[in-house]
$ cat run_35.pdb   # PDB, C-alpha atoms
ATOM      1  CA  MET I  43     251.628  69.109 -69.389
ATOM      2  CA  ARG I  44     249.297  71.838 -68.193
ATOM      3  CA  PRO I  45     246.439  72.677 -70.580
ATOM      4  CA  LEU I  46     247.363  75.740 -72.638
ATOM      5  CA  LEU I  47     245.276  75.614 -75.797
ATOM      6  CA  LEU I  48     242.006  74.665 -74.100
ATOM      7  CA  PRO I  49     241.829  77.826 -71.948
ATOM      8  CA  ALA I  50     242.804  79.909 -74.973
ATOM      9  CA  LEU I  51     239.987  78.374 -77.018
ATOM     10  CA  GLU I  52     237.536  79.033 -74.188
ATOM     11  CA  ARG I  53     238.612  82.667 -74.033
ATOM     12  CA  LEU I  54     238.185  82.998 -77.804
ATOM     13  CA  GLY I  55     234.756  81.425 -77.546
ATOM     14  CA  ARG I  56     233.740  83.775 -74.756
ATOM     15  CA  ARG I  57     234.955  86.762 -76.766
ATOM     16  CA  ALA I  58     232.901  85.626 -79.763
ATOM     17  CA  LEU I  59     229.787  85.260 -77.620
ATOM     18  CA  ARG I  60     230.284  88.705 -76.111
ATOM     19  CA  ARG I  61     230.445  90.166 -79.601
ATOM     20  CA  ARG I  62     227.035  88.576 -80.178
ATOM     21  CA  GLY I  63     225.646  90.391 -77.156
ATOM     22  CA  VAL I  64     225.877  87.488 -74.700
ATOM     23  CA  GLN I  65     226.745  88.790 -71.253
ATOM     24  CA  SER I  66     229.499  87.032 -69.321
ATOM     25  CA  GLY I  67     229.372  87.562 -65.555
ATOM     26  CA  TRP I  68     229.868  85.942 -62.174
ATOM     27  CA  THR I  69     227.659  84.957 -59.263
ATOM     28  CA  ARG I  70     228.951  84.337 -55.748
ATOM     29  CA  THR I  71     228.001  80.971 -54.231
ATOM     30  CA  PRO I  72     229.244  78.983 -51.205
ATOM     31  CA  GLN I  73     231.143  76.828 -53.700
ATOM     32  CA  GLY I  74     232.989  79.810 -55.170
ATOM     33  CA  LYS I  75     232.476  82.497 -57.797
ATOM     34  CA  ILE I  76     230.529  80.983 -60.689
ATOM     35  CA  HIS I  77     230.808  82.209 -64.266
ATOM     36  CA  VAL I  78     227.544  82.485 -66.210
ATOM     37  CA  TYR I  79     226.567  83.375 -69.755
ATOM     38  CA  ASP I  80     223.300  85.305 -69.743
ATOM     39  CA  ALA I  81     221.686  86.489 -72.976
ATOM     40  CA  ARG I  82     218.391  88.170 -73.730
ATOM     41  CA  GLY I  83     216.709  86.723 -76.772
ATOM     42  CA  SER I  84     214.392  88.370 -79.266
ATOM     43  CA  GLY I  85     211.798  85.579 -79.357
ATOM     44  CA  LYS I  86     208.780  84.709 -77.225
ATOM     45  CA  LEU I  87     209.529  81.122 -76.225
ATOM     46  CA  PRO I  88     210.383  80.314 -72.572
ATOM     47  CA  PRO I  89     213.869  80.898 -71.122
ATOM     48  CA  ILE I  90     216.429  78.159 -71.674
ATOM     49  CA  VAL I  91     218.980  76.962 -69.107
ATOM     50  CA  LEU I  92     221.922  75.024 -70.595
ATOM     51  CA  LEU I  93     223.831  72.647 -68.301
ATOM     52  CA  HIS I  94     227.098  71.046 -69.439
ATOM     53  CA  GLY I  95     228.844  67.784 -68.636
ATOM     54  CA  ILE I  96     231.713  66.898 -66.332
ATOM     55  CA  SER I  97     235.123  68.320 -67.337
ATOM     56  CA  SER I  98     233.449  70.562 -69.930
ATOM     57  CA  GLY I  99     231.956  74.053 -69.665
ATOM     58  CA  ALA I 100     229.279  76.365 -70.977
ATOM     59  CA  THR I 101     231.372  77.808 -73.828
ATOM     60  CA  PRO I 102     231.008  74.709 -76.087
ATOM     61  CA  PHE I 103     227.273  75.506 -76.141
ATOM     62  CA  GLY I 104     228.111  78.773 -77.938
ATOM     63  CA  ARG I 105     226.802  77.762 -81.373
ATOM     64  CA  VAL I 106     223.597  76.503 -79.764
ATOM     65  CA  ILE I 107     223.146  79.732 -77.785
ATOM     66  CA  VAL I 108     223.319  82.001 -80.824
ATOM     67  CA  ARG I 109     220.807  79.805 -82.691
ATOM     68  CA  LEU I 110     218.347  79.895 -79.778
ATOM     69  CA  LEU I 111     218.360  83.665 -79.228
ATOM     70  CA  PRO I 112     216.039  84.596 -82.128
ATOM     71  CA  HIS I 113     213.381  82.251 -80.697
ATOM     72  CA  VAL I 114     213.515  82.502 -76.890
ATOM     73  CA  THR I 115     213.339  85.253 -74.288
ATOM     74  CA  ARG I 116     216.586  84.344 -72.505
ATOM     75  CA  VAL I 117     219.420  81.826 -72.425
ATOM     76  CA  VAL I 118     221.427  81.144 -69.238
ATOM     77  CA  ALA I 119     224.470  78.842 -69.258
ATOM     78  CA  PRO I 120     226.632  78.504 -66.111
ATOM     79  CA  ASP I 121     230.043  76.912 -65.650
ATOM     80  CA  TYR I 122     230.139  74.484 -62.719
ATOM     81  CA  PRO I 123     232.572  75.090 -59.847
ATOM     82  CA  GLY I 124     236.084  74.248 -61.033
ATOM     83  CA  HIS I 125     234.910  74.136 -64.663
ATOM     84  CA  GLY I 126     235.214  76.694 -67.438
ATOM     85  CA  PHE I 127     235.881  80.122 -65.939
ATOM     86  CA  SER I 128     234.386  79.325 -62.516
ATOM     87  CA  GLU I 129     236.286  79.158 -59.246
ATOM     88  CA  GLN I 130     236.010  76.335 -56.739
ATOM     89  CA  GLU I 131     235.900  76.603 -52.969
ATOM     90  CA  GLY I 132     235.593  73.437 -50.952
ATOM     91  CA  ARG I 133     235.087  69.860 -52.046
ATOM     92  CA  LEU I 134     232.880  69.415 -55.113
ATOM     93  CA  THR I 135     230.338  66.684 -54.480
ATOM     94  CA  PRO I 136     227.093  66.152 -56.399
ATOM     95  CA  GLU I 137     225.248  67.820 -53.527
ATOM     96  CA  ALA I 138     227.557  70.854 -53.639
ATOM     97  CA  LEU I 139     227.154  71.050 -57.406
ATOM     98  CA  PHE I 140     223.347  70.998 -57.185
ATOM     99  CA  GLU I 141     223.412  73.674 -54.492
ATOM    100  CA  SER I 142     225.737  75.929 -56.489
ATOM    101  CA  MET I 143     223.418  75.780 -59.506
ATOM    102  CA  ARG I 144     220.377  76.477 -57.348
ATOM    103  CA  THR I 145     222.143  79.525 -55.884
ATOM    104  CA  VAL I 146     223.057  80.829 -59.351
ATOM    105  CA  LEU I 147     219.536  80.450 -60.723
ATOM    106  CA  ASP I 148     218.054  82.107 -57.635
ATOM    107  CA  ALA I 149     220.506  85.009 -57.861
ATOM    108  CA  LEU I 150     219.728  85.573 -61.548
ATOM    109  CA  SER I 151     215.957  85.336 -60.973
ATOM    110  CA  VAL I 152     215.603  82.727 -63.671
ATOM    111  CA  GLY I 153     211.877  82.106 -63.809
ATOM    112  CA  PRO I 154     210.181  78.953 -65.022
ATOM    113  CA  ALA I 155     212.506  77.728 -67.779
ATOM    114  CA  ILE I 156     213.239  74.815 -70.055
ATOM    115  CA  PHE I 157     216.327  72.999 -68.774
ATOM    116  CA  VAL I 158     218.665  71.418 -71.317
ATOM    117  CA  GLY I 159     221.224  69.103 -69.731
ATOM    118  CA  ASN I 160     224.002  67.150 -71.420
ATOM    119  CA  SER I 161     225.671  64.251 -69.571
ATOM    120  CA  LEU I 162     226.209  65.402 -65.959
ATOM    121  CA  GLY I 163     224.028  68.371 -66.863
ATOM    122  CA  GLY I 164     221.166  65.940 -67.385
ATOM    123  CA  ALA I 165     221.509  64.714 -63.805
ATOM    124  CA  VAL I 166     221.624  68.315 -62.543
ATOM    125  CA  ALA I 167     218.529  69.215 -64.575
ATOM    126  CA  LEU I 168     216.648  66.191 -63.251
ATOM    127  CA  ARG I 169     217.540  67.004 -59.647
ATOM    128  CA  TYR I 170     216.392  70.587 -60.116
ATOM    129  CA  ALA I 171     213.134  69.404 -61.701
ATOM    130  CA  ILE I 172     212.500  67.033 -58.790
ATOM    131  CA  ASP I 173     213.280  69.643 -56.135
ATOM    132  CA  GLU I 174     211.817  72.727 -57.882
ATOM    133  CA  PRO I 175     209.156  71.440 -60.303
ATOM    134  CA  HIS I 176     207.312  74.774 -60.380
ATOM    135  CA  ARG I 177     210.409  76.388 -61.901
ATOM    136  CA  VAL I 178     210.878  73.875 -64.724
ATOM    137  CA  ARG I 179     208.704  74.265 -67.815
ATOM    138  CA  GLY I 180     210.273  71.285 -69.544
ATOM    139  CA  LEU I 181     213.355  69.059 -69.743
ATOM    140  CA  VAL I 182     215.582  68.282 -72.712
ATOM    141  CA  LEU I 183     218.031  65.583 -71.643
ATOM    142  CA  ALA I 184     220.911  64.859 -74.036
ATOM    143  CA  SER I 185     222.773  61.650 -73.129
ATOM    144  CA  PRO I 186     221.933  62.346 -69.484
ATOM    145  CA  ALA I 187     223.803  61.003 -66.506
ATOM    146  CA  GLY I 188     221.760  60.234 -63.428
ATOM    147  CA  ALA I 189     220.800  56.619 -64.058
ATOM    148  CA  HIS I 190     221.388  54.007 -61.381
ATOM    149  CA  ALA I 191     224.286  51.853 -62.518
ATOM    150  CA  SER I 192     225.896  48.577 -61.546
ATOM    151  CA  GLU I 193     229.364  48.515 -60.025
ATOM    152  CA  GLU I 194     230.688  47.290 -63.372
ATOM    153  CA  GLU I 195     229.059  50.222 -65.196
ATOM    154  CA  TRP I 196     230.461  52.719 -62.674
ATOM    155  CA  GLY I 197     233.876  51.175 -63.175
ATOM    156  CA  LEU I 198     233.659  51.414 -66.957
ATOM    157  CA  LEU I 199     232.546  55.047 -66.780
ATOM    158  CA  ARG I 200     235.402  56.022 -64.488
ATOM    159  CA  ALA I 201     237.817  54.113 -66.717
ATOM    160  CA  ALA I 202     236.612  56.070 -69.761
ATOM    161  CA  PHE I 203     237.728  59.285 -68.049
ATOM    162  CA  ARG I 204     241.090  57.824 -66.966
ATOM    163  CA  VAL I 205     243.288  59.458 -69.601
ATOM    164  CA  GLU I 206     247.063  59.288 -69.127
ATOM    165  CA  SER I 207     248.594  59.965 -72.546
ATOM    166  CA  ARG I 208     248.018  61.771 -75.829
ATOM    167  CA  ALA I 209     246.829  58.496 -77.356
ATOM    168  CA  ASP I 210     244.347  58.090 -74.512
ATOM    169  CA  GLY I 211     243.257  61.667 -75.121
ATOM    170  CA  ARG I 212     242.570  60.980 -78.799
ATOM    171  CA  THR I 213     240.581  57.868 -77.903
ATOM    172  CA  PHE I 214     238.538  59.767 -75.334
ATOM    173  CA  LEU I 215     237.761  62.650 -77.694
ATOM    174  CA  ASN I 216     236.804  60.269 -80.495
ATOM    175  CA  ARG I 217     234.349  58.562 -78.149
ATOM    176  CA  LEU I 218     232.973  61.927 -77.077
ATOM    177  CA  SER I 219     231.978  63.128 -80.524
ATOM    178  CA  TYR I 220     230.611  61.561 -83.697
ATOM    179  CA  ARG I 221     232.347  63.920 -86.117
ATOM    180  CA  SER I 222     235.564  64.577 -84.098
ATOM    181  CA  PRO I 223     236.167  68.281 -84.896
ATOM    182  CA  TRP I 224     239.632  69.107 -86.218
ATOM    183  CA  VAL I 225     240.498  70.965 -83.029
ATOM    184  CA  PHE I 226     240.406  67.652 -81.145
ATOM    185  CA  HIS I 227     243.712  66.750 -82.795
ATOM    186  CA  LEU I 228     245.257  69.884 -81.287
ATOM    187  CA  ILE I 229     244.050  69.371 -77.726
ATOM    188  CA  ALA I 230     244.437  65.588 -77.298
ATOM    189  CA  HIS I 231     247.736  66.026 -75.439
ATOM    190  CA  GLU I 232     245.993  68.312 -72.903
ATOM    191  CA  MET I 233     243.322  65.790 -71.962
ATOM    192  CA  PRO I 234     245.303  64.028 -69.180
ATOM    193  CA  ALA I 235     245.735  67.263 -67.208
ATOM    194  CA  SER I 236     242.247  68.519 -68.010
ATOM    195  CA  LEU I 237     240.539  65.348 -66.804
ATOM    196  CA  ALA I 238     242.746  65.175 -63.720
ATOM    197  CA  ARG I 239     241.514  68.535 -62.425
ATOM    198  CA  ARG I 240     240.426  68.666 -58.810
ATOM    199  CA  ALA I 241     236.742  69.251 -59.618
ATOM    200  CA  VAL I 242     236.595  66.250 -61.947
ATOM    201  CA  ARG I 243     238.411  63.966 -59.497
ATOM    202  CA  GLU I 244     236.187  64.950 -56.598
ATOM    203  CA  LEU I 245     232.948  64.452 -58.517
ATOM    204  CA  PHE I 246     233.978  60.966 -59.610
ATOM    205  CA  GLN I 247     235.165  60.093 -56.098
ATOM    206  CA  SER I 248     231.890  61.137 -54.488
ATOM    207  CA  ALA I 249     229.290  60.151 -57.098
ATOM    208  CA  SER I 250     227.224  57.026 -56.497
ATOM    209  CA  ASN I 251     223.707  55.715 -56.979
ATOM    210  CA  ASP I 252     222.802  57.472 -53.712
ATOM    211  CA  ASN I 253     223.164  60.830 -55.506
ATOM    212  CA  MET I 254     221.007  59.835 -58.455
ATOM    213  CA  PRO I 255     217.251  60.384 -58.839
ATOM    214  CA  ARG I 256     215.196  57.486 -57.544
ATOM    215  CA  PRO I 257     212.833  55.725 -59.950
ATOM    216  CA  GLU I 258     209.780  56.921 -58.041
ATOM    217  CA  GLU I 259     211.026  60.529 -58.248
ATOM    218  CA  LEU I 260     211.421  60.267 -62.008
ATOM    219  CA  ALA I 261     207.974  58.729 -62.411
ATOM    220  CA  ARG I 262     206.389  61.722 -60.633
ATOM    221  CA  LEU I 263     207.811  64.335 -63.031
ATOM    222  CA  SER I 264     204.873  66.050 -64.727
ATOM    223  CA  MET I 265     206.570  68.550 -67.058
ATOM    224  CA  PRO I 266     207.191  67.729 -70.748
ATOM    225  CA  ILE I 267     210.387  65.696 -71.239
ATOM    226  CA  LEU I 268     212.477  65.021 -74.338
ATOM    227  CA  LEU I 269     215.371  62.572 -74.039
ATOM    228  CA  LEU I 270     217.957  62.596 -76.836
ATOM    229  CA  TRP I 271     220.276  59.599 -76.956
ATOM    230  CA  GLY I 272     222.575  59.612 -79.967
ATOM    231  CA  GLN I 273     222.973  56.507 -82.079
ATOM    232  CA  HIS I 274     226.753  56.911 -81.676
ATOM    233  CA  GLU I 275     226.820  57.258 -77.874
ATOM    234  CA  ARG I 276     230.132  55.772 -76.681
ATOM    235  CA  ILE I 277     230.634  57.223 -73.195
ATOM    236  CA  LEU I 278     227.593  56.192 -71.163
ATOM    237  CA  PRO I 279     226.483  52.546 -71.015
ATOM    238  CA  ASP I 280     223.348  51.379 -72.785
ATOM    239  CA  GLY I 281     222.003  50.535 -69.348
ATOM    240  CA  ASN I 282     221.518  54.261 -68.696
ATOM    241  CA  LEU I 283     219.108  54.559 -71.602
ATOM    242  CA  ALA I 284     217.295  51.425 -70.469
ATOM    243  CA  PHE I 285     216.967  52.878 -66.947
ATOM    244  CA  PHE I 286     215.424  56.112 -68.196
ATOM    245  CA  SER I 287     213.182  54.253 -70.641
ATOM    246  CA  ARG I 288     211.800  52.243 -67.725
ATOM    247  CA  HIS I 289     211.447  54.975 -65.132
ATOM    248  CA  LEU I 290     210.711  58.299 -66.825
ATOM    249  CA  PRO I 291     206.965  59.005 -66.970
ATOM    250  CA  ALA I 292     204.976  57.680 -69.916
ATOM    251  CA  HIS I 293     204.691  61.130 -71.524
ATOM    252  CA  ALA I 294     208.494  61.403 -71.960
ATOM    253  CA  VAL I 295     209.592  61.304 -75.594
ATOM    254  CA  ILE I 296     212.819  59.462 -76.500
ATOM    255  CA  GLU I 297     214.605  60.197 -79.776
ATOM    256  CA  ARG I 298     217.771  58.609 -81.219
ATOM    257  CA  PRO I 299     219.425  61.210 -83.522
ATOM    258  CA  SER I 300     221.738  59.679 -86.101
ATOM    259  CA  THR I 301     224.244  62.571 -86.001
ATOM    260  CA  TYR I 302     224.838  62.559 -82.225
ATOM    261  CA  ALA I 303     227.414  60.862 -80.063
ATOM    262  CA  HIS I 304     227.752  62.014 -76.437
ATOM    263  CA  CYS I 305     227.867  65.782 -76.984
ATOM    264  CA  PRO I 306     225.321  67.009 -79.562
ATOM    265  CA  GLN I 307     226.389  70.621 -78.992
ATOM    266  CA  LEU I 308     229.682  69.603 -80.631
ATOM    267  CA  ASP I 309     228.342  67.157 -83.206
ATOM    268  CA  ASP I 310     225.345  69.008 -84.587
ATOM    269  CA  PRO I 311     224.585  72.299 -82.808
ATOM    270  CA  ALA I 312     222.142  73.391 -85.511
ATOM    271  CA  ASP I 313     220.066  70.225 -85.112
ATOM    272  CA  LEU I 314     220.193  70.408 -81.305
ATOM    273  CA  ALA I 315     219.000  74.032 -81.365
ATOM    274  CA  ARG I 316     216.233  73.097 -83.811
ATOM    275  CA  ARG I 317     215.026  70.303 -81.541
ATOM    276  CA  ILE I 318     215.101  72.579 -78.476
ATOM    277  CA  VAL I 319     213.081  75.248 -80.293
ATOM    278  CA  ALA I 320     210.546  72.688 -81.549
ATOM    279  CA  PHE I 321     210.208  71.312 -78.015
ATOM    280  CA  ALA I 322     209.833  74.834 -76.570
ATOM    281  CA  GLU I 323     207.050  75.554 -79.055
ATOM    282  CA  THR I 324     205.070  72.564 -77.763
ATOM    283  CA  VAL I 325     205.667  73.687 -74.168
ATOM    284  CA  GLN I 326     204.600  77.236 -74.999
ATOM    285  CA  GLY I 327     201.482  76.021 -76.728
TER     286      GLY I 327
END

$ encode --input "run_35.pdb" --output "structure tokens"
Amino acid sequence: MRPLLLPALERLGRRALRRRGVQSGWTRTPQGKIHVYDARGSGKLPPIVLLHGISSGATPFGRVIVRLLPHVTRVVAPDYPGHGFSEQEGRLTPEALFESMRTVLDALSVGPAIFVGNSLGGAVALRYAIDEPHRVRGLVLASPAGAHASEEEWGLLRAAFRVESRADGRTFLNRLSYRSPWVFHLIAHEMPASLARRAVRELFQSASNDNMPRPEELARLSMPILLLWGQHERILPDGNLAFFSRHLPAHAVIERPSTYAHCPQLDDPADLARRIVAFAETVQG
């Protein structure tokens, strides 16, 4: 069954954000036309870039965006190629994904910003910080991907996203979130088609340790770093946290929020926004 409710919910979410003054536009990249939320805030803290996970989109960050705007100068949240409202041209590999995000941020003249990445977004944020350190004021990594994994761990991760029935969809969604919002019960039957999208398939087919940041690259990161790994994480293996604990620089702070599973923007958007603002205040100072 083709997803029907999910796109409708995304459109409703986009409409709600527009009513709050969040601009919704598109940027042309070699990977296709990319949809971006771009909002001017009323605060003085640095700009925030929000980067979502695989098979998701920027719209689920909506409740975080509106909570950040009174504190920061700007919030930018793109949809990846083939995700959310974005188009996709060509094969989506990790390299193509990184390049599309670089093109978007260049086109929007996003200056030095704090990058907040969830799941795959964490890997994208880390790559950007390694390649463009002068444009990254700080990193907030929420259950980040990007760790080097064993073949067994890669297999388990791919298996977690192999959803073929409504029951599988419910299991996947329950693993994704600590609180399991009521809407999950309505969209479980759409998960098989949603996770079988071309962009998702191609990213999983092409991702490997070769695409991930090397330990020595992580160790050289000099900007402030906050890693949030929920106590109820059930998607990524514990080995990912161990990898980052070993290889991120000594100044990185690791916190284990008790109300988070894999997607804190779904579980506790108020707490996630509070932690981002508190982190931004230390960066600003």

$ residues_around --input "run_35.pdb" --residues "I:Arg212" --least-positions-apart "3" --cutoff "6 Å" --atoms "only C-alpha atoms" --output "count of residues only"
3

$ residues_around --input "run_35.pdb" --residues "I:Pro154" --least-positions-apart "4" --cutoff "9 Å" --atoms "all atoms listed in the file" --output "number ranges by chain"
I: 88-89, 175-180

$ residues_around --input "run_35.pdb" --residues "I:Tyr170" --least-positions-apart "4" --cutoff "12 Å" --atoms "all atoms listed in the file" --output "MDAnalysis selection string"
chainID I and resid 91 93 137 139:145 147:148 154:159 163:166 174:181 254:255 259:260 263

$ residues_around --input "run_35.pdb" --residues "I:Pro234" --least-positions-apart "2" --cutoff "12 Å" --atoms "all atoms listed in the file" --output "list in words"
Met43, Arg44, Pro45, Ser97, Ala202, Phe203, Arg204, Val205, Glu206, Ser207, Arg208, Ala209, Asp210, Gly211, Arg212, Thr213, Phe214, Leu215, Ile229, Ala230, His231, Glu232, Ser236, Leu237, Ala238, Arg239, Val242 and Arg243 of chain I

$ write_last_selection --input "run_35.pdb" --atoms "C-alpha atoms" --output "compact mmCIF listing (two decimals), keeping the file's coordinate frame"
# COMPACT_ATOMS: atom_id res chain seq x y z
CA MET I 43 251.63 69.11 -69.39
CA ARG I 44 249.30 71.84 -68.19
CA PRO I 45 246.44 72.68 -70.58
CA SER I 97 235.12 68.32 -67.34
CA ALA I 202 236.61 56.07 -69.76
CA PHE I 203 237.73 59.28 -68.05
CA ARG I 204 241.09 57.82 -66.97
CA VAL I 205 243.29 59.46 -69.60
CA GLU I 206 247.06 59.29 -69.13
CA SER I 207 248.59 59.96 -72.55
CA ARG I 208 248.02 61.77 -75.83
CA ALA I 209 246.83 58.50 -77.36
CA ASP I 210 244.35 58.09 -74.51
CA GLY I 211 243.26 61.67 -75.12
CA ARG I 212 242.57 60.98 -78.80
CA THR I 213 240.58 57.87 -77.90
CA PHE I 214 238.54 59.77 -75.33
CA LEU I 215 237.76 62.65 -77.69
CA ILE I 229 244.05 69.37 -77.73
CA ALA I 230 244.44 65.59 -77.30
CA HIS I 231 247.74 66.03 -75.44
CA GLU I 232 245.99 68.31 -72.90
CA SER I 236 242.25 68.52 -68.01
CA LEU I 237 240.54 65.35 -66.80
CA ALA I 238 242.75 65.18 -63.72
CA ARG I 239 241.51 68.54 -62.42
CA VAL I 242 236.60 66.25 -61.95
CA ARG I 243 238.41 63.97 -59.50

$ resolve_selection --input "run_35.pdb" --expression "the PyMOL selection byres ((chain I and resi 250) around 12)" --output "PDB file with C-alpha atoms, keeping the file's coordinate frame"
ATOM      1  CA  THR I 135     230.338  66.684 -54.480  1.00  0.00           C
ATOM      2  CA  PRO I 136     227.093  66.152 -56.399  1.00  0.00           C
ATOM      3  CA  GLU I 137     225.248  67.820 -53.527  1.00  0.00           C
ATOM      4  CA  ALA I 187     223.803  61.003 -66.506  1.00  0.00           C
ATOM      5  CA  GLY I 188     221.760  60.234 -63.428  1.00  0.00           C
ATOM      6  CA  ALA I 189     220.800  56.619 -64.058  1.00  0.00           C
ATOM      7  CA  HIS I 190     221.388  54.007 -61.381  1.00  0.00           C
ATOM      8  CA  ALA I 191     224.286  51.853 -62.518  1.00  0.00           C
ATOM      9  CA  SER I 192     225.896  48.577 -61.546  1.00  0.00           C
ATOM     10  CA  GLU I 193     229.364  48.515 -60.025  1.00  0.00           C
ATOM     11  CA  GLU I 195     229.059  50.222 -65.196  1.00  0.00           C
ATOM     12  CA  TRP I 196     230.461  52.719 -62.674  1.00  0.00           C
ATOM     13  CA  GLY I 197     233.876  51.175 -63.175  1.00  0.00           C
ATOM     14  CA  LEU I 199     232.546  55.047 -66.780  1.00  0.00           C
ATOM     15  CA  ARG I 200     235.402  56.022 -64.488  1.00  0.00           C
ATOM     16  CA  GLU I 244     236.187  64.950 -56.598  1.00  0.00           C
ATOM     17  CA  LEU I 245     232.948  64.452 -58.517  1.00  0.00           C
ATOM     18  CA  PHE I 246     233.978  60.966 -59.610  1.00  0.00           C
ATOM     19  CA  GLN I 247     235.165  60.093 -56.098  1.00  0.00           C
ATOM     20  CA  SER I 248     231.890  61.137 -54.488  1.00  0.00           C
ATOM     21  CA  ALA I 249     229.290  60.151 -57.098  1.00  0.00           C
ATOM     22  CA  ASN I 251     223.707  55.715 -56.979  1.00  0.00           C
ATOM     23  CA  ASP I 252     222.802  57.472 -53.712  1.00  0.00           C
ATOM     24  CA  ASN I 253     223.164  60.830 -55.506  1.00  0.00           C
ATOM     25  CA  MET I 254     221.007  59.835 -58.455  1.00  0.00           C
ATOM     26  CA  PRO I 255     217.251  60.384 -58.839  1.00  0.00           C
TER      27      PRO I 255
END

$ closest_residue --input "run_35.pdb" --among "I:Pro311, I:Arg221, I:Ala320, I:Ala184" --to "I:Leu278" --atoms "all atoms listed in the file"
I:Ala184

$ closest_residue --input "run_35.pdb" --among "I:Val108, I:Ile277, I:Leu290, I:Ala303" --to "I:Gly55" --atoms "all atoms listed in the file"
I:Val108

$ resolve_selection --input "run_35.pdb" --expression "the PyMOL selection byres ((chain I and resi 115) around 12)" --output "list in words"
Asp80, Ala81, Arg82, Gly83, Ser84, Gly85, Lys86, Leu87, Pro88, Pro89, Ile90, Val91, Ile107, Leu110, Leu111, Pro112, His113, Val114, Arg116, Val117, Val118, Val152, Gly153, Pro154, Ala155, Ile156, Val319, Ala322 and Gln326 of chain I

$ atom_distance --input "run_35.pdb" --atom1 "atom CA of I:Glu297" --atom2 "atom CA of I:Phe321"
12.1 Å

$ atom_distance --input "run_35.pdb" --atom1 "atom CA of I:Pro120" --atom2 "atom CA of I:Trp68"
9.0 Å

$ atom_distance --input "run_35.pdb" --atom1 "atom CA of I:Leu308" --atom2 "atom CA of I:Asp280"
20.8 Å

$ axis_aligned_box --input "run_35.pdb" --around "stretch 157-175 of chain I" --padding-each-side "5 Å" --output "JSON"
{"center_x": 217.7, "center_y": 68.6, "center_z": -63.8, "size_x": 27.1, "size_y": 18.7, "size_z": 25.3}

$ resolve_selection --input "run_35.pdb" --expression "the PyMOL selection byres ((chain I and resi 73) around 9)" --output "tab-separated table (two decimals) with C-alpha atoms, keeping the file's coordinate frame"
chain	number	residue	atom	x	y	z
I	70	ARG	CA	228.95	84.34	-55.75
I	71	THR	CA	228.00	80.97	-54.23
I	72	PRO	CA	229.24	78.98	-51.20
I	74	GLY	CA	232.99	79.81	-55.17
I	75	LYS	CA	232.48	82.50	-57.80
I	76	ILE	CA	230.53	80.98	-60.69
I	123	PRO	CA	232.57	75.09	-59.85
I	129	GLU	CA	236.29	79.16	-59.25
I	130	GLN	CA	236.01	76.33	-56.74
I	131	GLU	CA	235.90	76.60	-52.97
I	132	GLY	CA	235.59	73.44	-50.95
I	133	ARG	CA	235.09	69.86	-52.05
I	134	LEU	CA	232.88	69.42	-55.11
I	138	ALA	CA	227.56	70.85	-53.64
I	139	LEU	CA	227.15	71.05	-57.41
I	141	GLU	CA	223.41	73.67	-54.49
I	142	SER	CA	225.74	75.93	-56.49

$ residues_around --input "run_35.pdb" --residues "I:His125" --least-positions-apart "4" --cutoff "7 Å" --atoms "all atoms listed in the file" --output "PyMOL selection string"
chain I and resi 97-99+121

$ closest_residue --input "run_35.pdb" --among "I:Pro306, I:Pro291, I:Gly67, I:Gly126" --to "I:Arg53" --atoms "only C-alpha atoms"
I:Gly126

$ closest_residue --input "run_35.pdb" --among "I:Gly124, I:Pro49, I:Pro299, I:Pro223" --to "I:His274" --atoms "only C-alpha atoms"
I:Pro299

$ closest_residue --input "run_35.pdb" --among "I:Gln273, I:Ser300, I:Gln307, I:Asn282" --to "I:Pro186" --atoms "only C-alpha atoms"
I:Asn282

$ closest_residue --input "run_35.pdb" --among "I:Thr69, I:Pro257, I:Leu92, I:Pro266" --to "I:Glu323" --atoms "all atoms listed in the file"
I:Pro266

$ decode --input "run_35.pdb" --residues "stretch 52-60 of chain I" --atoms "N, CA and C atoms" --output "PDB file, in the first residue's frame"
ATOM      1  N   GLU I  52       2.649  15.320   6.831  1.00  0.00           N
ATOM      2  CA  GLU I  52       3.751  16.229   6.531  1.00  0.00           C
ATOM      3  C   GLU I  52       3.231  17.552   5.988  1.00  0.00           C
ATOM      4  N   ARG I  53       2.223  17.492   5.137  1.00  0.00           N
ATOM      5  CA  ARG I  53       1.656  18.733   4.600  1.00  0.00           C
ATOM      6  C   ARG I  53       1.003  19.561   5.708  1.00  0.00           C
ATOM      7  N   LEU I  54       0.305  18.884   6.622  1.00  0.00           N
ATOM      8  CA  LEU I  54      -0.292  19.601   7.757  1.00  0.00           C
ATOM      9  C   LEU I  54       0.789  20.237   8.629  1.00  0.00           C
ATOM     10  N   GLY I  55       1.865  19.497   8.841  1.00  0.00           N
ATOM     11  CA  GLY I  55       2.961  20.032   9.636  1.00  0.00           C
ATOM     12  C   GLY I  55       3.602  21.237   8.971  1.00  0.00           C
ATOM     13  N   ARG I  56       3.791  21.157   7.661  1.00  0.00           N
ATOM     14  CA  ARG I  56       4.376  22.284   6.941  1.00  0.00           C
ATOM     15  C   ARG I  56       3.462  23.508   7.009  1.00  0.00           C
ATOM     16  N   ARG I  57       2.159  23.272   6.882  1.00  0.00           N
ATOM     17  CA  ARG I  57       1.203  24.376   6.958  1.00  0.00           C
ATOM     18  C   ARG I  57       1.262  25.039   8.335  1.00  0.00           C
ATOM     19  N   ALA I  58       1.373  24.220   9.386  1.00  0.00           N
ATOM     20  CA  ALA I  58       1.445  24.775  10.736  1.00  0.00           C
ATOM     21  C   ALA I  58       2.713  25.599  10.928  1.00  0.00           C
ATOM     22  N   LEU I  59       3.830  25.137  10.376  1.00  0.00           N
ATOM     23  CA  LEU I  59       5.069  25.882  10.491  1.00  0.00           C
ATOM     24  C   LEU I  59       4.999  27.190   9.714  1.00  0.00           C
ATOM     25  N   ARG I  60       4.386  27.161   8.547  1.00  0.00           N
ATOM     26  CA  ARG I  60       4.234  28.397   7.776  1.00  0.00           C
ATOM     27  C   ARG I  60       3.421  29.428   8.544  1.00  0.00           C
TER      28      ARG I  60
END
